[in-house]
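**Student:** Take a look at the following structure, please.
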Amino acid sequence: KLTRTLSLSLSAKQISVPMAAINRLLKPSPFSSSVTTCIRRFLTTAAVSETDAFSKSPSYPHNSLPPRVDPKGKNVQWVFLGSPGVGKGTYSSRLSTLLGVPHIATGDLVREELSSNGPLSKQLAEIVNQGKLVSDEIILSLLSKRLEAGEAKGESGFILDGFPRTIRQAEILDEVTDIDLVVNLKLPEDILVEKCLGRRICSQCGKNFNVASINVKGENGSPGISMAPLPPPPHCVSKLITRSDDTEAVVKERLRIYNEKSQPVEDFYRSQGKLLEFDLPGGIPESWPRLLEALSLNDHEDKQSAAA
């Protein structure tokens, strides 16, 4: 629980920061009190048991669920990590439907802001087109707006997709809520590049598709990976567009930056015993059942509807 807050003044902004966070973060937080307060209020209302079972068990079998998590509860608080293009949105949105909790994707929040012509859109366009990471302050501002909207609708529990992306974001999130599980989806880098370059979006309906046909043979003991294309329906074919940041140079730069920033985040949650590393065995038909099994959801009565 949050106690003992310290008010700081930075650039004429009042910031309320937990004392424990001050001890851990080396420089003052730039986030406004409205952002921090909203995140604290929303996340702590959805918090589940505050036991410390994870901290006493820092590791567990690969592709298996930590013992504390009950995924059949409606108030799960999960985070999905993974490189750009790995499929965080695909699998976290399916699990969101399956479990009846909101799927909050920071990538979607950024794209919505980009298309809104709002005050941040020009700045975001420059950052995204160069393959750089969006700053903590912008991400938390966008997340704050989304949480306020969800709170007004009575949402409970969540699956965060693409947040936290830096160790600083992870530490701040850790101060305001108790994350149950962090799922780290993994694919080889050459497959990630091919997937990203194959992404297409329907300019009319906004749905995502992929024209890449991936078939990598196994070698040196590593299994092969096959991923069939995700083709659009006939009425979307003529309306397909490519994301402006899905060029080979930008994709590789995004992967480089992600790998550099993500390792401390993975280590952070690994040390708490909350990190589930899941190697995707292929496309959705192969990966979805195995992910459900890893999350102890393979006997969930609604799994077929979520997979539709």
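Here, A, B, ... name the chains of the structure tokens in the order displayed, residue numbers run from 1 inside each chain, and ligands are numbered from 1 in the same displayed order.
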Give me, as a list in words, all polymer residues having an atom no more than 7 Å from segment 75-81 of chain A, counting only C-alpha atoms and skipping those fewer than 3 positions away in the same chain.
**Tutor:** Ala46, Pro71, Lys88, Ser92, Ser156, Gly157, Phe158, Ile159, Leu160, Asp161, Gly162, Ile179, Asp180, Leu181, Val182, Val183, Asn184 and Leu185 of chain A
**Student:** For the residues selected in the previous step, produce a file with all heavy atoms as a tab-separated table (two decimals), in the first residue's frame.
**Tutor:**
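Dumped to result.tsv:
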chain	number	residue	atom	x	y	z
A	46	ALA	N	-8.12	-2.32	-8.53
A	46	ALA	CA	-8.22	-3.65	-9.14
A	46	ALA	C	-7.23	-4.63	-8.54
A	46	ALA	O	-7.14	-5.77	-8.96
A	46	ALA	CB	-7.96	-3.54	-10.64
A	71	PRO	N	-5.64	-17.64	-13.07
A	71	PRO	CA	-6.05	-16.90	-14.26
A	71	PRO	C	-7.54	-16.92	-14.51
A	71	PRO	O	-8.03	-16.20	-15.38
A	71	PRO	CB	-5.31	-17.64	-15.39
A	71	PRO	CG	-5.13	-19.03	-14.87
A	71	PRO	CD	-4.95	-18.87	-13.39
A	88	LYS	N	2.23	-9.32	-29.34
A	88	LYS	CA	1.68	-8.96	-28.02
A	88	LYS	C	0.20	-8.60	-28.14
A	88	LYS	O	-0.62	-9.04	-27.34
A	88	LYS	CB	2.44	-7.78	-27.43
A	88	LYS	CG	3.89	-8.05	-27.10
A	88	LYS	CD	4.54	-6.88	-26.41
A	88	LYS	CE	4.56	-5.61	-27.24
A	88	LYS	NZ	5.40	-5.73	-28.44
A	92	SER	N	-2.63	-10.84	-26.29
A	92	SER	CA	-3.19	-10.18	-25.12
A	92	SER	C	-4.65	-9.78	-25.35
A	92	SER	O	-5.46	-9.83	-24.42
A	92	SER	CB	-2.34	-8.95	-24.73
A	92	SER	OG	-2.22	-8.06	-25.81
A	156	SER	N	-12.40	-3.42	-14.27
A	156	SER	CA	-11.66	-4.04	-13.18
A	156	SER	C	-10.68	-5.05	-13.75
A	156	SER	O	-11.04	-5.85	-14.61
A	156	SER	CB	-12.62	-4.72	-12.21
A	156	SER	OG	-11.92	-5.35	-11.15
A	157	GLY	N	-9.43	-5.03	-13.26
A	157	GLY	CA	-8.40	-5.89	-13.81
A	157	GLY	C	-7.91	-5.33	-15.14
A	157	GLY	O	-8.48	-4.38	-15.68
A	158	PHE	N	-6.83	-5.92	-15.68
A	158	PHE	CA	-6.30	-5.40	-16.94
A	158	PHE	C	-5.23	-6.34	-17.48
A	158	PHE	O	-4.66	-7.16	-16.75
A	158	PHE	CB	-5.69	-4.00	-16.77
A	158	PHE	CG	-4.63	-3.93	-15.70
A	158	PHE	CD1	-3.33	-4.35	-15.94
A	158	PHE	CD2	-4.95	-3.46	-14.43
A	158	PHE	CE1	-2.36	-4.29	-14.95
A	158	PHE	CE2	-3.99	-3.41	-13.43
A	158	PHE	CZ	-2.69	-3.82	-13.70
A	159	ILE	N	-4.98	-6.22	-18.76
A	159	ILE	CA	-3.80	-6.79	-19.40
A	159	ILE	C	-3.09	-5.65	-20.10
A	159	ILE	O	-3.63	-5.06	-21.05
A	159	ILE	CB	-4.16	-7.91	-20.40
A	159	ILE	CG1	-4.83	-9.08	-19.67
A	159	ILE	CG2	-2.90	-8.39	-21.12
A	159	ILE	CD1	-5.27	-10.21	-20.59
A	160	LEU	N	-1.91	-5.29	-19.62
A	160	LEU	CA	-1.14	-4.20	-20.21
A	160	LEU	C	-0.26	-4.75	-21.33
A	160	LEU	O	0.44	-5.74	-21.15
A	160	LEU	CB	-0.26	-3.53	-19.15
A	160	LEU	CG	-0.97	-2.72	-18.07
A	160	LEU	CD1	0.06	-2.15	-17.10
A	160	LEU	CD2	-1.80	-1.60	-18.67
A	161	ASP	N	-0.30	-4.12	-22.47
A	161	ASP	CA	0.41	-4.56	-23.66
A	161	ASP	C	1.38	-3.46	-24.08
A	161	ASP	O	0.97	-2.39	-24.51
A	161	ASP	CB	-0.63	-4.85	-24.75
A	161	ASP	CG	-0.07	-5.00	-26.15
A	161	ASP	OD1	1.16	-4.97	-26.32
A	161	ASP	OD2	-0.88	-5.15	-27.08
A	162	GLY	N	2.68	-3.73	-23.92
A	162	GLY	CA	3.68	-2.74	-24.31
A	162	GLY	C	4.06	-1.78	-23.21
A	162	GLY	O	4.77	-0.81	-23.45
A	179	ILE	N	1.47	-6.42	-9.77
A	179	ILE	CA	1.33	-7.19	-11.00
A	179	ILE	C	1.40	-8.68	-10.68
A	179	ILE	O	2.29	-9.13	-9.95
A	179	ILE	CB	2.44	-6.80	-12.01
A	179	ILE	CG1	2.28	-5.34	-12.45
A	179	ILE	CG2	2.40	-7.73	-13.23
A	179	ILE	CD1	0.98	-5.04	-13.16
A	180	ASP	N	0.45	-9.45	-11.22
A	180	ASP	CA	0.40	-10.88	-10.96
A	180	ASP	C	1.41	-11.65	-11.81
A	180	ASP	O	2.08	-12.56	-11.31
A	180	ASP	CB	-0.99	-11.45	-11.30
A	180	ASP	CG	-2.09	-10.80	-10.51
A	180	ASP	OD1	-1.89	-10.57	-9.32
A	180	ASP	OD2	-3.16	-10.52	-11.10
A	181	LEU	N	1.48	-11.30	-13.09
A	181	LEU	CA	2.23	-12.11	-14.04
A	181	LEU	C	2.72	-11.24	-15.18
A	181	LEU	O	2.01	-10.34	-15.64
A	181	LEU	CB	1.34	-13.23	-14.59
A	181	LEU	CG	1.95	-14.13	-15.67
A	181	LEU	CD1	3.05	-15.01	-15.07
A	181	LEU	CD2	0.86	-15.01	-16.30
A	182	VAL	N	3.94	-11.52	-15.65
A	182	VAL	CA	4.51	-10.83	-16.81
A	182	VAL	C	4.86	-11.89	-17.85
A	182	VAL	O	5.71	-12.74	-17.60
A	182	VAL	CB	5.76	-10.02	-16.42
A	182	VAL	CG1	6.34	-9.32	-17.65
A	182	VAL	CG2	5.40	-8.99	-15.34
A	183	VAL	N	4.18	-11.85	-18.99
A	183	VAL	CA	4.40	-12.82	-20.06
A	183	VAL	C	5.32	-12.19	-21.10
A	183	VAL	O	5.00	-11.15	-21.68
A	183	VAL	CB	3.07	-13.24	-20.71
A	183	VAL	CG1	3.32	-14.27	-21.82
A	183	VAL	CG2	2.10	-13.79	-19.67
A	184	ASN	N	6.46	-12.83	-21.32
A	184	ASN	CA	7.44	-12.33	-22.28
A	184	ASN	C	7.42	-13.22	-23.52
A	184	ASN	O	7.95	-14.33	-23.51
A	184	ASN	CB	8.83	-12.32	-21.64
A	184	ASN	CG	9.86	-11.63	-22.52
A	184	ASN	OD1	9.53	-10.78	-23.33
A	184	ASN	ND2	11.12	-12.00	-22.36
A	185	LEU	N	6.79	-12.73	-24.60
A	185	LEU	CA	6.69	-13.49	-25.84
A	185	LEU	C	7.99	-13.35	-26.63
A	185	LEU	O	8.54	-12.26	-26.75
A	185	LEU	CB	5.52	-12.99	-26.69
A	185	LEU	CG	4.13	-13.09	-26.06
A	185	LEU	CD1	3.08	-12.56	-27.03
A	185	LEU	CD2	3.80	-14.52	-25.65
**Student:** For Val110 of chain A, find every residue with an atom within 12 Å (counting only C-alpha atoms), except residues of its own chain fewer than 6 positions away, and show them as a PDB file with N, CA, C and O atoms, in the first residue's frame.
**Tutor:**
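Saved the output as result.pdb:
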ATOM      1  N   ILE A 104      -5.194  -3.087 -22.586  1.00  0.00           N
ATOM      2  CA  ILE A 104      -4.697  -1.715 -22.719  1.00  0.00           C
ATOM      3  C   ILE A 104      -3.344  -1.758 -23.404  1.00  0.00           C
ATOM      4  O   ILE A 104      -2.351  -2.184 -22.812  1.00  0.00           O
ATOM      5  N   SER A 116      -5.211  11.679 -34.242  1.00  0.00           N
ATOM      6  CA  SER A 116      -6.168  12.642 -33.699  1.00  0.00           C
ATOM      7  C   SER A 116      -5.830  14.090 -34.026  1.00  0.00           C
ATOM      8  O   SER A 116      -6.640  14.978 -33.795  1.00  0.00           O
ATOM      9  N   ASN A 117      -4.607  14.322 -34.518  1.00  0.00           N
ATOM     10  CA  ASN A 117      -4.133  15.692 -34.734  1.00  0.00           C
ATOM     11  C   ASN A 117      -4.143  16.504 -33.443  1.00  0.00           C
ATOM     12  O   ASN A 117      -4.328  17.728 -33.463  1.00  0.00           O
ATOM     13  N   GLY A 118      -3.958  15.803 -32.333  1.00  0.00           N
ATOM     14  CA  GLY A 118      -3.913  16.464 -31.037  1.00  0.00           C
ATOM     15  C   GLY A 118      -2.574  17.141 -30.802  1.00  0.00           C
ATOM     16  O   GLY A 118      -1.695  17.153 -31.674  1.00  0.00           O
ATOM     17  N   LEU A 120       0.029  16.343 -29.197  1.00  0.00           N
ATOM     18  CA  LEU A 120       1.225  15.501 -29.194  1.00  0.00           C
ATOM     19  C   LEU A 120       1.487  14.826 -30.537  1.00  0.00           C
ATOM     20  O   LEU A 120       2.525  14.190 -30.717  1.00  0.00           O
ATOM     21  N   SER A 121       0.562  14.952 -31.481  1.00  0.00           N
ATOM     22  CA  SER A 121       0.638  14.143 -32.698  1.00  0.00           C
ATOM     23  C   SER A 121       1.894  14.411 -33.526  1.00  0.00           C
ATOM     24  O   SER A 121       2.537  13.479 -34.020  1.00  0.00           O
ATOM     25  N   LYS A 122       2.283  15.671 -33.687  1.00  0.00           N
ATOM     26  CA  LYS A 122       3.463  15.983 -34.492  1.00  0.00           C
ATOM     27  C   LYS A 122       4.734  15.454 -33.833  1.00  0.00           C
ATOM     28  O   LYS A 122       5.606  14.866 -34.495  1.00  0.00           O
ATOM     29  N   GLN A 123       4.843  15.649 -32.527  1.00  0.00           N
ATOM     30  CA  GLN A 123       6.007  15.167 -31.792  1.00  0.00           C
ATOM     31  C   GLN A 123       6.094  13.647 -31.847  1.00  0.00           C
ATOM     32  O   GLN A 123       7.169  13.071 -32.046  1.00  0.00           O
ATOM     33  N   LEU A 124       4.954  12.981 -31.707  1.00  0.00           N
ATOM     34  CA  LEU A 124       4.923  11.531 -31.763  1.00  0.00           C
ATOM     35  C   LEU A 124       5.296  11.010 -33.144  1.00  0.00           C
ATOM     36  O   LEU A 124       5.979  10.000 -33.271  1.00  0.00           O
ATOM     37  N   ALA A 125       4.841  11.694 -34.186  1.00  0.00           N
ATOM     38  CA  ALA A 125       5.138  11.269 -35.555  1.00  0.00           C
ATOM     39  C   ALA A 125       6.642  11.245 -35.801  1.00  0.00           C
ATOM     40  O   ALA A 125       7.172  10.304 -36.413  1.00  0.00           O
ATOM     41  N   ILE A 127       9.016  10.881 -33.544  1.00  0.00           N
ATOM     42  CA  ILE A 127       9.618   9.823 -32.725  1.00  0.00           C
ATOM     43  C   ILE A 127       9.385   8.457 -33.364  1.00  0.00           C
ATOM     44  O   ILE A 127      10.308   7.655 -33.526  1.00  0.00           O
ATOM     45  N   VAL A 128       8.133   8.179 -33.750  1.00  0.00           N
ATOM     46  CA  VAL A 128       7.774   6.870 -34.301  1.00  0.00           C
ATOM     47  C   VAL A 128       8.459   6.622 -35.635  1.00  0.00           C
ATOM     48  O   VAL A 128       8.981   5.533 -35.897  1.00  0.00           O
ATOM     49  N   LEU A 133      11.946   5.135 -29.004  1.00  0.00           N
ATOM     50  CA  LEU A 133      10.944   4.880 -27.980  1.00  0.00           C
ATOM     51  C   LEU A 133      10.288   6.191 -27.548  1.00  0.00           C
ATOM     52  O   LEU A 133      10.958   7.206 -27.383  1.00  0.00           O
ATOM     53  N   VAL A 134       8.984   6.141 -27.370  1.00  0.00           N
ATOM     54  CA  VAL A 134       8.254   7.303 -26.869  1.00  0.00           C
ATOM     55  C   VAL A 134       8.632   7.515 -25.409  1.00  0.00           C
ATOM     56  O   VAL A 134       8.807   6.557 -24.648  1.00  0.00           O
ATOM     57  N   SER A 135       8.774   8.764 -25.003  1.00  0.00           N
ATOM     58  CA  SER A 135       9.240   9.075 -23.652  1.00  0.00           C
ATOM     59  C   SER A 135       8.266   8.576 -22.585  1.00  0.00           C
ATOM     60  O   SER A 135       7.072   8.406 -22.822  1.00  0.00           O
ATOM     61  N   ILE A 138       5.223  10.967 -21.983  1.00  0.00           N
ATOM     62  CA  ILE A 138       4.140  10.894 -22.969  1.00  0.00           C
ATOM     63  C   ILE A 138       3.334   9.615 -22.775  1.00  0.00           C
ATOM     64  O   ILE A 138       2.095   9.633 -22.780  1.00  0.00           O
ATOM     65  N   ILE A 139       4.029   8.481 -22.600  1.00  0.00           N
ATOM     66  CA  ILE A 139       3.330   7.211 -22.421  1.00  0.00           C
ATOM     67  C   ILE A 139       2.417   7.251 -21.201  1.00  0.00           C
ATOM     68  O   ILE A 139       1.252   6.832 -21.248  1.00  0.00           O
ATOM     69  N   LEU A 140       2.926   7.769 -20.092  1.00  0.00           N
ATOM     70  CA  LEU A 140       2.116   7.810 -18.878  1.00  0.00           C
ATOM     71  C   LEU A 140       0.964   8.807 -18.991  1.00  0.00           C
ATOM     72  O   LEU A 140      -0.096   8.606 -18.406  1.00  0.00           O
ATOM     73  N   SER A 141       1.159   9.853 -19.762  1.00  0.00           N
ATOM     74  CA  SER A 141       0.065  10.795 -20.004  1.00  0.00           C
ATOM     75  C   SER A 141      -1.060  10.123 -20.786  1.00  0.00           C
ATOM     76  O   SER A 141      -2.246  10.251 -20.446  1.00  0.00           O
ATOM     77  N   LEU A 142      -0.704   9.391 -21.844  1.00  0.00           N
ATOM     78  CA  LEU A 142      -1.702   8.680 -22.648  1.00  0.00           C
ATOM     79  C   LEU A 142      -2.366   7.580 -21.832  1.00  0.00           C
ATOM     80  O   LEU A 142      -3.584   7.369 -21.911  1.00  0.00           O
ATOM     81  N   LEU A 143      -1.570   6.869 -21.032  1.00  0.00           N
ATOM     82  CA  LEU A 143      -2.117   5.806 -20.201  1.00  0.00           C
ATOM     83  C   LEU A 143      -3.079   6.362 -19.163  1.00  0.00           C
ATOM     84  O   LEU A 143      -4.117   5.769 -18.868  1.00  0.00           O
ATOM     85  N   LYS A 145      -5.030   8.980 -19.449  1.00  0.00           N
ATOM     86  CA  LYS A 145      -6.307   9.269 -20.107  1.00  0.00           C
ATOM     87  C   LYS A 145      -7.121   8.000 -20.298  1.00  0.00           C
ATOM     88  O   LYS A 145      -8.336   7.981 -20.094  1.00  0.00           O
ATOM     89  N   ARG A 146      -6.426   6.917 -20.719  1.00  0.00           N
ATOM     90  CA  ARG A 146      -7.135   5.645 -20.944  1.00  0.00           C
ATOM     91  C   ARG A 146      -7.682   5.078 -19.637  1.00  0.00           C
ATOM     92  O   ARG A 146      -8.808   4.553 -19.588  1.00  0.00           O
ATOM     93  N   GLY A 162       2.679  -3.731 -23.924  1.00  0.00           N
ATOM     94  CA  GLY A 162       3.677  -2.741 -24.308  1.00  0.00           C
ATOM     95  C   GLY A 162       4.064  -1.783 -23.206  1.00  0.00           C
ATOM     96  O   GLY A 162       4.769  -0.811 -23.453  1.00  0.00           O
TER      97      GLY A 162
END
**Student:** As a list of chain:residue names, please: the residues near Phe209 of chain A (cut-off 8 Å, only C-alpha atoms, same-chain neighbours under 2 positions excluded).
**Tutor:**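 The filter keeps A:Arg199, A:Arg200, A:Ile201, A:Cys202, A:Lys207, A:Val211, A:Pro229, A:Leu230, A:Pro231, A:Pro232.
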**Student:** Grab the atom CA of Ala105 of chain A to atom CA of Phe163 of chain A distance for me, in Å with one decimal place.
**Tutor:** 7.7 Å
**Student:** Residues of segment 130-215 of chain A in helix (DSSP H, G or I) according to DSSP, as number ranges by chain?
**Tutor:** A: 136-152, 167-176, 189-197
**Student:** Need the shell around segment 167-174 of chain A: protein/DNA/RNA residues with any atom at most 7 Å away, counting only C-alpha atoms. Skip same-chain ones fewer than 5 positions apart. Format as a VMD selection string?
**Tutor:** chain A and resid 136 264 to 265
**Student:** Measuring between only C-alpha atoms, which one of A:Leu98, A:Leu187, A:Ala294, A:Ala212 shows the shortest distance to Ala228 of chain A?
**Tutor:**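 Nearest candidate to Ala228 of chain A out of A:Leu98, A:Leu187, A:Ala294, A:Ala212: A:Ala212.
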**Student:** Out of A:Pro102, A:Gly206, A:Pro188, A:Pro84, which residue has the shortest atom-to-atom distance to Leu280 of chain A when counting only C-alpha atoms?
**Tutor:**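 The shortest atom-to-atom distance to Leu280 of chain A comes from A:Pro188.
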**Student:** Tell me, which residues of segment 57-195 of chain A carry DSSP strand (DSSP E or B), written as a list of chain:residue names?
**Tutor:**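 Filtering segment 57-195 of chain A down to strand (DSSP E or B) leaves A:Gln77, A:Trp78, A:Val79, A:Phe80, A:Leu81, A:Gly82, A:His103, A:Ile104, A:Ala105, A:Phe158, A:Ile159, A:Leu160, A:Asp161, A:Leu181, A:Val182, A:Val183, A:Asn184, A:Leu185, A:Lys186.
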